[in-house]
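Peer 1: Handing over run03.pdb, PDB, C-alpha atoms.
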MODEL        1
ATOM      1  CA  MET K 259      11.314  21.648  17.772  1.00  0.00           C
ATOM      2  CA  SER K 260      10.288  22.006  14.167  1.00  0.00           C
ATOM      3  CA  ILE K 261      12.127  22.275  10.888  1.00  0.00           C
ATOM      4  CA  GLU K 262      11.261  24.963   8.374  1.00  0.00           C
ATOM      5  CA  ILE K 263      11.776  23.744   4.830  1.00  0.00           C
ATOM      6  CA  THR K 264      10.769  24.966   1.389  1.00  0.00           C
ATOM      7  CA  ARG K 265       8.276  23.106  -0.767  1.00  0.00           C
ATOM      8  CA  GLU K 266      11.089  22.380  -3.245  1.00  0.00           C
ATOM      9  CA  GLY K 267      13.338  21.182  -0.426  1.00  0.00           C
ATOM     10  CA  LEU K 268      10.647  18.741   0.710  1.00  0.00           C
ATOM     11  CA  ILE K 269      10.183  17.404  -2.807  1.00  0.00           C
ATOM     12  CA  LYS K 270      13.939  16.960  -3.248  1.00  0.00           C
ATOM     13  CA  HIS K 271      14.190  15.261   0.133  1.00  0.00           C
ATOM     14  CA  GLY K 272      11.323  12.887  -0.644  1.00  0.00           C
ATOM     15  CA  VAL K 273      12.845  11.949  -3.995  1.00  0.00           C
ATOM     16  CA  ALA K 274      16.254  11.457  -2.352  1.00  0.00           C
ATOM     17  CA  VAL K 275      14.743   9.133   0.259  1.00  0.00           C
ATOM     18  CA  LEU K 276      12.982   7.070  -2.419  1.00  0.00           C
ATOM     19  CA  GLN K 277      16.176   6.945  -4.472  1.00  0.00           C
ATOM     20  CA  SER K 278      18.288   5.897  -1.481  1.00  0.00           C
ATOM     21  CA  ILE K 279      15.979   2.988  -0.604  1.00  0.00           C
ATOM     22  CA  GLY K 280      15.813   1.805  -4.210  1.00  0.00           C
ATOM     23  CA  SER K 281      12.148   2.466  -4.962  1.00  0.00           C
ATOM     24  CA  HIS K 282      13.093   3.087  -8.585  1.00  0.00           C
ATOM     25  CA  HIS K 283      13.914  -0.625  -8.990  1.00  0.00           C
ATOM     26  CA  ILE K 284      10.282  -1.456  -8.233  1.00  0.00           C
ATOM     27  CA  CYS K 285       8.988   1.383 -10.430  1.00  0.00           C
ATOM     28  CA  HIS K 286      11.101   0.127 -13.330  1.00  0.00           C
ATOM     29  CA  VAL K 287       9.455  -3.315 -13.195  1.00  0.00           C
ATOM     30  CA  CYS K 288       5.989  -1.803 -12.932  1.00  0.00           C
ATOM     31  CA  ILE K 289       6.542   0.614 -15.819  1.00  0.00           C
ATOM     32  CA  LYS K 290       8.074  -2.164 -17.952  1.00  0.00           C
ATOM     33  CA  SER K 291       4.902  -4.191 -17.409  1.00  0.00           C
ATOM     34  CA  GLY K 292       2.799  -1.343 -18.855  1.00  0.00           C
ATOM     35  CA  ASN K 293       1.740   0.331 -15.621  1.00  0.00           C
ATOM     36  CA  SER K 294       2.588   3.826 -14.486  1.00  0.00           C
ATOM     37  CA  CYS K 295       1.188   5.876 -11.643  1.00  0.00           C
ATOM     38  CA  CYS K 296       1.943   8.958 -13.761  1.00  0.00           C
ATOM     39  CA  LYS K 297       0.005   7.785 -16.823  1.00  0.00           C
ATOM     40  CA  GLY K 298      -2.164  10.633 -18.075  1.00  0.00           C
ATOM     41  CA  CYS K 299      -0.359  13.377 -16.173  1.00  0.00           C
ATOM     42  CA  ASP K 300       0.206  16.532 -18.249  1.00  0.00           C
ATOM     43  CA  PHE K 301       3.670  16.924 -16.720  1.00  0.00           C
ATOM     44  CA  LEU K 302       4.924  13.514 -17.847  1.00  0.00           C
ATOM     45  CA  GLN K 303       7.099  13.817 -20.942  1.00  0.00           C
ATOM     46  CA  GLU K 304       7.462  10.618 -22.968  1.00  0.00           C
ATOM     47  CA  GLY K 305      10.953   9.159 -22.641  1.00  0.00           C
ATOM     48  CA  VAL K 306      12.040  11.897 -20.226  1.00  0.00           C
ATOM     49  CA  GLY K 307       9.828  11.662 -17.151  1.00  0.00           C
ATOM     50  CA  CYS K 308       8.243  14.174 -14.829  1.00  0.00           C
ATOM     51  CA  GLN K 309       8.651  17.833 -15.740  1.00  0.00           C
ATOM     52  CA  LYS K 310       6.904  19.320 -12.683  1.00  0.00           C
ATOM     53  CA  ARG K 311       6.975  17.151  -9.566  1.00  0.00           C
ATOM     54  CA  ASN K 312       4.884  18.384  -6.644  1.00  0.00           C
ATOM     55  CA  THR K 313       4.404  17.509  -2.960  1.00  0.00           C
ATOM     56  CA  SER K 314       1.360  15.362  -3.617  1.00  0.00           C
ATOM     57  CA  CYS K 315       2.891  13.074  -6.220  1.00  0.00           C
ATOM     58  CA  THR K 316       6.126  12.879  -4.225  1.00  0.00           C
ATOM     59  CA  ALA K 317       4.300  11.896  -1.032  1.00  0.00           C
ATOM     60  CA  TRP K 318       1.882   9.474  -2.708  1.00  0.00           C
ATOM     61  CA  LEU K 319       2.798   5.785  -2.742  1.00  0.00           C
ATOM     62  CA  CYS K 320       1.242   3.093  -4.888  1.00  0.00           C
ATOM     63  CA  GLY K 321       0.323  -0.236  -3.301  1.00  0.00           C
ATOM     64  CA  LEU K 322       3.662  -1.783  -4.300  1.00  0.00           C
ATOM     65  CA  GLN K 323       5.643   1.045  -2.723  1.00  0.00           C
ATOM     66  CA  LYS K 324       3.501   1.018   0.431  1.00  0.00           C
ATOM     67  CA  PHE K 325       4.154  -2.705   0.730  1.00  0.00           C
ATOM     68  CA  TYR K 326       7.891  -2.161   0.256  1.00  0.00           C
ATOM     69  CA  LEU K 327       8.146   0.718   2.744  1.00  0.00           C
ATOM     70  CA  LYS K 328       6.156  -1.298   5.282  1.00  0.00           C
ATOM     71  CA  GLU K 329       8.484  -4.273   4.796  1.00  0.00           C
ATOM     72  CA  ILE K 330      11.592  -2.182   5.466  1.00  0.00           C
ATOM     73  CA  GLY K 331       9.974  -0.366   8.404  1.00  0.00           C
ATOM     74  CA  LEU K 332       9.706   3.073   6.798  1.00  0.00           C
ATOM     75  CA  LEU K 333       5.997   3.440   5.958  1.00  0.00           C
ATOM     76  CA  LYS K 334       4.871   5.050   9.231  1.00  0.00           C
ATOM     77  CA  GLU K 335       7.729   7.550   9.178  1.00  0.00           C
ATOM     78  CA  TRP K 336       7.050   8.378   5.505  1.00  0.00           C
ATOM     79  CA  GLU K 337       3.331   8.918   6.107  1.00  0.00           C
ATOM     80  CA  HIS K 338       3.987  10.957   9.257  1.00  0.00           C
ATOM     81  CA  MET K 339       6.354  13.305   7.435  1.00  0.00           C
ATOM     82  CA  TRP K 340       3.929  13.938   4.558  1.00  0.00           C
ATOM     83  CA  GLU K 341       0.814  14.248   6.778  1.00  0.00           C
ATOM     84  CA  GLN K 342       2.358  17.480   8.082  1.00  0.00           C
ATOM     85  CA  VAL K 343       2.545  19.042   4.605  1.00  0.00           C
ATOM     86  CA  PRO K 344      -0.507  21.140   3.661  1.00  0.00           C
ATOM     87  CA  GLY K 345      -1.780  21.839   0.161  1.00  0.00           C
ATOM     88  CA  GLN K 346      -1.371  18.425  -1.419  1.00  0.00           C
ATOM     89  CA  CYS K 347      -3.865  18.070  -4.246  1.00  0.00           C
ATOM     90  CA  PHE K 348      -4.187  15.507  -7.005  1.00  0.00           C
ATOM     91  CA  ARG K 349      -1.522  16.440  -9.575  1.00  0.00           C
ATOM     92  CA  ARG K 350      -1.570  20.015  -8.248  1.00  0.00           C
ATOM     93  CA  ASP K 351       0.427  21.696  -5.552  1.00  0.00           C
ATOM     94  CA  GLU K 352      -1.011  24.312  -3.236  1.00  0.00           C
ATOM     95  CA  THR K 353       1.662  23.751  -0.612  1.00  0.00           C
ATOM     96  CA  PRO K 354       2.985  27.043   0.768  1.00  0.00           C
ATOM     97  CA  HIS K 355       6.515  28.079  -0.238  1.00  0.00           C
ATOM     98  CA  THR K 356       7.783  27.088   3.237  1.00  0.00           C
ATOM     99  CA  VAL K 357       6.323  24.650   5.749  1.00  0.00           C
ATOM    100  CA  LYS K 358       7.210  23.516   9.261  1.00  0.00           C
ATOM    101  CA  ILE K 359       7.467  19.816  10.059  1.00  0.00           C
ATOM    102  CA  ASP K 360       8.804  18.050  13.115  1.00  0.00           C
ATOM    103  CA  SER K 361      11.377  15.857  11.361  1.00  0.00           C
ATOM    104  CA  LEU K 362      12.822  14.663   8.080  1.00  0.00           C
ATOM    105  CA  ILE K 363      13.562  11.047   7.237  1.00  0.00           C
ATOM    106  CA  LYS K 364      17.235  10.256   7.663  1.00  0.00           C
ATOM    107  CA  ILE K 365      18.886   9.268   4.384  1.00  0.00           C
ATOM    108  CA  GLY K 366      21.432   6.480   4.608  1.00  0.00           C
ATOM    109  CA  LYS K 367      19.482   4.568   7.243  1.00  0.00           C
ATOM    110  CA  TYR K 368      18.406   2.097   4.549  1.00  0.00           C
ATOM    111  CA  ASP K 369      19.924   0.777   1.332  1.00  0.00           C
ATOM    112  CA  ASP K 370      18.466  -0.565  -1.919  1.00  0.00           C
ATOM    113  CA  LYS K 371      19.155  -4.302  -1.456  1.00  0.00           C
ATOM    114  CA  ALA K 372      15.610  -5.126  -0.366  1.00  0.00           C
ATOM    115  CA  ALA K 373      14.165  -3.148  -3.287  1.00  0.00           C
ATOM    116  CA  LYS K 374      16.258  -5.149  -5.724  1.00  0.00           C
ATOM    117  CA  LEU K 375      14.877  -8.380  -4.218  1.00  0.00           C
ATOM    118  CA  VAL K 376      11.291  -7.126  -4.409  1.00  0.00           C
ATOM    119  CA  ALA K 377      11.881  -6.053  -8.020  1.00  0.00           C
ATOM    120  CA  LYS K 378      13.217  -9.534  -8.895  1.00  0.00           C
ATOM    121  CA  LYS K 379      10.169 -11.157  -7.323  1.00  0.00           C
ATOM    122  CA  LEU K 380       7.882  -8.816  -9.247  1.00  0.00           C
ATOM    123  CA  GLU K 381       9.706  -9.613 -12.494  1.00  0.00           C
ATOM    124  CA  SER K 382       9.236 -13.339 -11.842  1.00  0.00           C
ATOM    125  CA  PHE K 383       5.594 -12.771 -10.989  1.00  0.00           C
ATOM    126  CA  ALA K 384       5.051 -10.940 -14.293  1.00  0.00           C
ATOM    127  CA  GLU K 385       7.016 -13.533 -16.293  1.00  0.00           C
ATOM    128  CA  GLU K 386       4.769 -16.247 -14.861  1.00  0.00           C
ATOM    129  CA  GLY K 387       1.695 -14.386 -16.105  1.00  0.00           C
ATOM    130  CA  GLY K 388       0.923 -12.307 -13.018  1.00  0.00           C
ATOM    131  CA  ASN K 389      -0.688  -8.912 -13.506  1.00  0.00           C
ATOM    132  CA  ILE K 390       1.345  -6.267 -11.695  1.00  0.00           C
ATOM    133  CA  GLY K 391      -1.400  -3.668 -12.158  1.00  0.00           C
ATOM    134  CA  LYS K 392      -3.939  -5.874 -10.381  1.00  0.00           C
ATOM    135  CA  LEU K 393      -1.422  -6.698  -7.646  1.00  0.00           C
ATOM    136  CA  GLU K 394      -0.739  -2.993  -7.086  1.00  0.00           C
ATOM    137  CA  THR K 395      -4.466  -2.221  -6.905  1.00  0.00           C
ATOM    138  CA  LYS K 396      -5.072  -5.069  -4.445  1.00  0.00           C
ATOM    139  CA  LEU K 397      -2.235  -3.928  -2.184  1.00  0.00           C
ATOM    140  CA  ALA K 398      -3.399  -0.289  -2.336  1.00  0.00           C
ATOM    141  CA  LEU K 399      -6.951  -1.293  -1.389  1.00  0.00           C
ATOM    142  CA  ASP K 400      -5.695  -3.480   1.463  1.00  0.00           C
ATOM    143  CA  PHE K 401      -3.767  -0.527   2.914  1.00  0.00           C
ATOM    144  CA  GLU K 402      -6.809   1.759   2.606  1.00  0.00           C
ATOM    145  CA  VAL K 403      -9.094  -0.774   4.307  1.00  0.00           C
ATOM    146  CA  LYS K 404      -6.608  -1.148   7.172  1.00  0.00           C
ATOM    147  CA  LYS K 405      -6.433   2.635   7.521  1.00  0.00           C
ATOM    148  CA  MET K 406     -10.239   2.880   7.579  1.00  0.00           C
ATOM    149  CA  GLU K 407     -10.468   0.115  10.201  1.00  0.00           C
ATOM    150  CA  LYS K 408      -8.249   2.171  12.499  1.00  0.00           C
ATOM    151  CA  ILE K 409     -10.209   5.410  12.198  1.00  0.00           C
ATOM    152  CA  HIS K 410     -13.812   4.405  11.575  1.00  0.00           C
ATOM    153  CA  PRO K 411     -15.822   2.068  13.826  1.00  0.00           C
ATOM    154  CA  LEU K 412     -18.070   0.808  10.992  1.00  0.00           C
ATOM    155  CA  TYR K 413     -15.054  -0.801   9.319  1.00  0.00           C
ATOM    156  CA  ARG K 414     -13.849  -2.656  12.421  1.00  0.00           C
ATOM    157  CA  ASP K 415     -14.602  -6.333  12.893  1.00  0.00           C
ATOM    158  CA  LYS K 416     -17.109  -6.986  15.647  1.00  0.00           C
TER     159      LYS K 416
ENDMDL
END
Written as structure tokens, that's how I'd like the structure from this file.
Peer 2:
Amino acid sequence: MSIEITREGLIKHGVAVLQSIGSHHICHVCIKSGNSCCKGCDFLQEGVGCQKRNTSCTAWLCGLQKFYLKEIGLLKEWEHMWEQVPGQCFRRDETPHTVKIDSLIKIGKYDDKAAKLVAKKLESFAEEGGNIGKLETKLALDFEVKKMEKIHPLYRDK
């Protein structure tokens, strides 16, 4: 059985999931440290935020968010949901008006307590001189290497 949902419905659902699990607590610490995954985007309005969210930027997770979703057991489900959505392009959206996917992530299954703890640890890390931007990049690369190891034999240990 599949679910037919509009592009806008998917975006709203993705944002609602991220909100419900407290991802914004982690984003706040990252942005406060001078980092932003949206830096340079034409749709980002200073002091206001995103003016034109799309499927790609909703589905995309930085290294910090991938780490967090993995820790709470949601990363595979998140990636599975968004892998079914066609037309995701960097800061562009060519997703059809409606798409069919096999399931949506259930909201309310998680809360934001873990995100608050991760955010506190990140704040402490930054206060002690840690570079959140470098940490995010390292985590993102680690996830990509692990993904490549699963799908490409040249990346696997022998």
Peer 1: Can you spell out as a PyMOL selection string the set of residues that the PyMOL selection byres ((chain K and resi 329-344) around 7) selects in the structure I just provided?
Peer 2: chain K and resi 317+324-328+345-346+353+357+359+361-362
Peer 1: Name the closest residue to Leu380 in chain K among the candidates K:Ser291, K:Gln277, K:Gln303, K:Thr264; distances are taken between atoms, counting all atoms listed in the file.
Peer 2: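 Checking each of K:Ser291, K:Gln277, K:Gln303, K:Thr264 against Leu380 in chain K, counting all atoms listed in the file, the winner is K:Ser291.
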Peer 1: Take the PyMOL selection byres ((chain K and resi 393-396) around 12), apply it to the structure above, and return the hits as an MDAnalysis selection string.
Peer 2: chainID K and resid 284:285 287:289 291 293:295 319:326 380 383:384 387:392 397:403
Peer 1: Kindly export the residues of the current selection with C-alpha atoms, as a PDB file, in the frame of the given file.
Peer 2:
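Ended up saving to part-v9.pdb:
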ATOM      1  CA  ILE K 284      10.282  -1.456  -8.233  1.00  0.00           C
ATOM      2  CA  CYS K 285       8.988   1.383 -10.430  1.00  0.00           C
ATOM      3  CA  VAL K 287       9.455  -3.315 -13.195  1.00  0.00           C
ATOM      4  CA  CYS K 288       5.989  -1.803 -12.932  1.00  0.00           C
ATOM      5  CA  ILE K 289       6.542   0.614 -15.819  1.00  0.00           C
ATOM      6  CA  SER K 291       4.902  -4.191 -17.409  1.00  0.00           C
ATOM      7  CA  ASN K 293       1.740   0.331 -15.621  1.00  0.00           C
ATOM      8  CA  SER K 294       2.588   3.826 -14.486  1.00  0.00           C
ATOM      9  CA  CYS K 295       1.188   5.876 -11.643  1.00  0.00           C
ATOM     10  CA  LEU K 319       2.798   5.785  -2.742  1.00  0.00           C
ATOM     11  CA  CYS K 320       1.242   3.093  -4.888  1.00  0.00           C
ATOM     12  CA  GLY K 321       0.323  -0.236  -3.301  1.00  0.00           C
ATOM     13  CA  LEU K 322       3.662  -1.783  -4.300  1.00  0.00           C
ATOM     14  CA  GLN K 323       5.643   1.045  -2.723  1.00  0.00           C
ATOM     15  CA  LYS K 324       3.501   1.018   0.431  1.00  0.00           C
ATOM     16  CA  PHE K 325       4.154  -2.705   0.730  1.00  0.00           C
ATOM     17  CA  TYR K 326       7.891  -2.161   0.256  1.00  0.00           C
ATOM     18  CA  LEU K 380       7.882  -8.816  -9.247  1.00  0.00           C
ATOM     19  CA  PHE K 383       5.594 -12.771 -10.989  1.00  0.00           C
ATOM     20  CA  ALA K 384       5.051 -10.940 -14.293  1.00  0.00           C
ATOM     21  CA  GLY K 387       1.695 -14.386 -16.105  1.00  0.00           C
ATOM     22  CA  GLY K 388       0.923 -12.307 -13.018  1.00  0.00           C
ATOM     23  CA  ASN K 389      -0.688  -8.912 -13.506  1.00  0.00           C
ATOM     24  CA  ILE K 390       1.345  -6.267 -11.695  1.00  0.00           C
ATOM     25  CA  GLY K 391      -1.400  -3.668 -12.158  1.00  0.00           C
ATOM     26  CA  LYS K 392      -3.939  -5.874 -10.381  1.00  0.00           C
ATOM     27  CA  LEU K 397      -2.235  -3.928  -2.184  1.00  0.00           C
ATOM     28  CA  ALA K 398      -3.399  -0.289  -2.336  1.00  0.00           C
ATOM     29  CA  LEU K 399      -6.951  -1.293  -1.389  1.00  0.00           C
ATOM     30  CA  ASP K 400      -5.695  -3.480   1.463  1.00  0.00           C
ATOM     31  CA  PHE K 401      -3.767  -0.527   2.914  1.00  0.00           C
ATOM     32  CA  GLU K 402      -6.809   1.759   2.606  1.00  0.00           C
ATOM     33  CA  VAL K 403      -9.094  -0.774   4.307  1.00  0.00           C
TER      34      VAL K 403
END
Peer 1: For the file shown, report as a PyMOL selection string the outcome of the PyMOL selection byres ((chain K and resi 267) around 12) at residue level.
Peer 2: chain K and resi 261-266+268-274+311-313+316+353-358+362
Peer 1: Residues of the last selection are to be written out with C-alpha atoms, as a compact mmCIF listing (two decimals), in the frame of the given file.
Peer 2:
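Wrote out-v7.txt, looks like this:
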# COMPACT_ATOMS: atom_id res chain seq x y z
CA ILE K 261 12.13 22.28 10.89
CA GLU K 262 11.26 24.96 8.37
CA ILE K 263 11.78 23.74 4.83
CA THR K 264 10.77 24.97 1.39
CA ARG K 265 8.28 23.11 -0.77
CA GLU K 266 11.09 22.38 -3.24
CA LEU K 268 10.65 18.74 0.71
CA ILE K 269 10.18 17.40 -2.81
CA LYS K 270 13.94 16.96 -3.25
CA HIS K 271 14.19 15.26 0.13
CA GLY K 272 11.32 12.89 -0.64
CA VAL K 273 12.84 11.95 -4.00
CA ALA K 274 16.25 11.46 -2.35
CA ARG K 311 6.98 17.15 -9.57
CA ASN K 312 4.88 18.38 -6.64
CA THR K 313 4.40 17.51 -2.96
CA THR K 316 6.13 12.88 -4.22
CA THR K 353 1.66 23.75 -0.61
CA PRO K 354 2.98 27.04 0.77
CA HIS K 355 6.52 28.08 -0.24
CA THR K 356 7.78 27.09 3.24
CA VAL K 357 6.32 24.65 5.75
CA LYS K 358 7.21 23.52 9.26
CA LEU K 362 12.82 14.66 8.08
Peer 1: In Å, rounded to a single decimal, give me how far CA of Asp370 in chain K is from CA of Gly292 in chain K.
Peer 2: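 Interatomic distance, CA of Gly292 in chain K to CA of Asp370 in chain K: 23.1 Å.
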Peer 1: Between CA of Ala377 in chain K and CA of His286 in chain K, what is the distance in Å, rounded to a tenth?
Peer 2: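 Separating CA of Ala377 in chain K from CA of His286 in chain K is a distance of 8.2 Å.
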Peer 1: Kindly list the centre and edge lengths in Å, rounded to one decimal, for the axis-aligned box that covers all listed atoms of range 379-386 of chain K plus 8 Å on each of its six sides, as lines of an AutoDock Vina configuration file.
Peer 2:
center_x = 7.5
center_y = -12.5
center_z = -11.8
size_x = 21.4
size_y = 23.4
size_z = 25.0
Peer 1: Calculate how many Å separate CA of Gly280 in chain K from CA of Lys310 in chain K, rounding to one decimal.
Peer 2: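 That distance, rounded to one decimal, is 21.4 Å.
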Peer 1: Just checking: using all atoms listed in the file, which residue out of K:Leu302, K:Lys408, K:Ile279, K:Cys347 ends up closest to Ile365 in chain K?
Peer 2: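 Of the candidates, the smallest distance to Ile365 in chain K is held by K:Ile279.
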Peer 1: Let me make sure I understand: among K:Lys374, K:Lys379, K:Lys404, K:His410, which one has the smallest atom-to-atom distance to His283 in chain K if we use only C-alpha atoms?
Peer 2: K:Lys374
Peer 1: Rebuild N, CA and C atoms on range 350-383 of chain K, as an mmCIF file, in the coordinates of the input?
Peer 2:
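The result, written out as rebuild.cif:
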data_model
loop_
_atom_site.group_PDB
_atom_site.id
_atom_site.type_symbol
_atom_site.label_atom_id
_atom_site.label_comp_id
_atom_site.auth_asym_id
_atom_site.auth_seq_id
_atom_site.Cartn_x
_atom_site.Cartn_y
_atom_site.Cartn_z
ATOM 1 N N ARG K 350 -1.664 18.567 -8.424
ATOM 2 C CA ARG K 350 -1.570 20.015 -8.248
ATOM 3 C C ARG K 350 -0.859 20.254 -6.927
ATOM 4 N N ASP K 351 -0.292 21.404 -6.782
ATOM 5 C CA ASP K 351 0.427 21.696 -5.552
ATOM 6 C C ASP K 351 0.018 23.061 -5.033
ATOM 7 N N GLU K 352 -0.648 23.067 -3.897
ATOM 8 C CA GLU K 352 -1.011 24.312 -3.236
ATOM 9 C C GLU K 352 -0.258 24.448 -1.922
ATOM 10 N N THR K 353 0.831 23.689 -1.802
ATOM 11 C CA THR K 353 1.662 23.751 -0.612
ATOM 12 C C THR K 353 2.325 25.127 -0.545
ATOM 13 N N PRO K 354 2.315 25.756 0.631
ATOM 14 C CA PRO K 354 2.985 27.043 0.768
ATOM 15 C C PRO K 354 4.475 26.935 0.418
ATOM 16 N N HIS K 355 5.097 28.073 0.129
ATOM 17 C CA HIS K 355 6.515 28.079 -0.238
ATOM 18 C C HIS K 355 7.382 27.448 0.854
ATOM 19 N N THR K 356 7.070 27.727 2.131
ATOM 20 C CA THR K 356 7.783 27.088 3.237
ATOM 21 C C THR K 356 6.769 26.459 4.182
ATOM 22 N N VAL K 357 7.159 25.342 4.768
ATOM 23 C CA VAL K 357 6.323 24.650 5.749
ATOM 24 C C VAL K 357 7.180 24.263 6.943
ATOM 25 N N LYS K 358 6.521 23.991 8.055
ATOM 26 C CA LYS K 358 7.210 23.516 9.261
ATOM 27 C C LYS K 358 6.762 22.079 9.520
ATOM 28 N N ILE K 359 7.745 21.206 9.704
ATOM 29 C CA ILE K 359 7.467 19.816 10.059
ATOM 30 C C ILE K 359 8.363 19.455 11.237
ATOM 31 N N ASP K 360 8.016 18.374 11.927
ATOM 32 C CA ASP K 360 8.804 18.050 13.115
ATOM 33 C C ASP K 360 10.068 17.249 12.825
ATOM 34 N N SER K 361 10.139 16.581 11.678
ATOM 35 C CA SER K 361 11.377 15.857 11.361
ATOM 36 C C SER K 361 11.406 15.441 9.899
ATOM 37 N N LEU K 362 12.604 15.208 9.416
ATOM 38 C CA LEU K 362 12.822 14.663 8.080
ATOM 39 C C LEU K 362 13.316 13.227 8.230
ATOM 40 N N ILE K 363 13.083 12.427 7.229
ATOM 41 C CA ILE K 363 13.562 11.047 7.237
ATOM 42 C C ILE K 363 15.066 11.078 7.002
ATOM 43 N N LYS K 364 15.783 10.318 7.811
ATOM 44 C CA LYS K 364 17.235 10.256 7.663
ATOM 45 C C LYS K 364 17.613 9.404 6.454
ATOM 46 N N ILE K 365 18.394 9.985 5.564
ATOM 47 C CA ILE K 365 18.886 9.268 4.384
ATOM 48 C C ILE K 365 20.138 8.503 4.796
ATOM 49 N N GLY K 366 20.282 7.308 4.268
ATOM 50 C CA GLY K 366 21.432 6.480 4.608
ATOM 51 C C GLY K 366 21.104 5.430 5.652
ATOM 52 N N LYS K 367 19.934 5.526 6.238
ATOM 53 C CA LYS K 367 19.482 4.568 7.243
ATOM 54 C C LYS K 367 19.147 3.226 6.583
ATOM 55 N N TYR K 368 18.777 3.273 5.317
ATOM 56 C CA TYR K 368 18.406 2.097 4.549
ATOM 57 C C TYR K 368 19.248 2.042 3.278
ATOM 58 N N ASP K 369 19.263 0.871 2.633
ATOM 59 C CA ASP K 369 19.924 0.777 1.332
ATOM 60 C C ASP K 369 18.924 0.215 0.324
ATOM 61 N N ASP K 370 19.401 -0.121 -0.882
ATOM 62 C CA ASP K 370 18.466 -0.565 -1.919
ATOM 63 C C ASP K 370 18.446 -2.080 -2.140
ATOM 64 N N LYS K 371 19.100 -2.839 -1.277
ATOM 65 C CA LYS K 371 19.155 -4.302 -1.456
ATOM 66 C C LYS K 371 17.770 -4.942 -1.423
ATOM 67 N N ALA K 372 16.954 -4.549 -0.475
ATOM 68 C CA ALA K 372 15.610 -5.126 -0.366
ATOM 69 C C ALA K 372 14.765 -4.773 -1.591
ATOM 70 N N ALA K 373 14.927 -3.559 -2.105
ATOM 71 C CA ALA K 373 14.165 -3.148 -3.287
ATOM 72 C C ALA K 373 14.544 -3.991 -4.491
ATOM 73 N N LYS K 374 15.813 -4.304 -4.616
ATOM 74 C CA LYS K 374 16.258 -5.149 -5.724
ATOM 75 C C LYS K 374 15.632 -6.540 -5.627
ATOM 76 N N LEU K 375 15.513 -7.070 -4.402
ATOM 77 C CA LEU K 375 14.877 -8.380 -4.218
ATOM 78 C C LEU K 375 13.386 -8.332 -4.552
ATOM 79 N N VAL K 376 12.714 -7.286 -4.096
ATOM 80 C CA VAL K 376 11.291 -7.126 -4.409
ATOM 81 C C VAL K 376 11.112 -6.996 -5.919
ATOM 82 N N ALA K 377 11.969 -6.226 -6.570
ATOM 83 C CA ALA K 377 11.881 -6.053 -8.020
ATOM 84 C C ALA K 377 12.067 -7.392 -8.736
ATOM 85 N N LYS K 378 13.009 -8.208 -8.286
ATOM 86 C CA LYS K 378 13.217 -9.534 -8.895
ATOM 87 C C LYS K 378 11.982 -10.409 -8.738
ATOM 88 N N LYS K 379 11.383 -10.363 -7.553
ATOM 89 C CA LYS K 379 10.169 -11.157 -7.323
ATOM 90 C C LYS K 379 9.026 -10.667 -8.207
ATOM 91 N N LEU K 380 8.918 -9.365 -8.373
ATOM 92 C CA LEU K 380 7.882 -8.816 -9.247
ATOM 93 C C LEU K 380 8.126 -9.207 -10.707
ATOM 94 N N GLU K 381 9.379 -9.182 -11.132
ATOM 95 C CA GLU K 381 9.706 -9.613 -12.494
ATOM 96 C C GLU K 381 9.306 -11.072 -12.707
ATOM 97 N N SER K 382 9.615 -11.925 -11.751
ATOM 98 C CA SER K 382 9.236 -13.339 -11.842
ATOM 99 C C SER K 382 7.721 -13.496 -11.874
ATOM 100 N N PHE K 383 7.055 -12.749 -11.031
ATOM 101 C CA PHE K 383 5.594 -12.771 -10.989
ATOM 102 C C PHE K 383 5.010 -12.425 -12.354
#
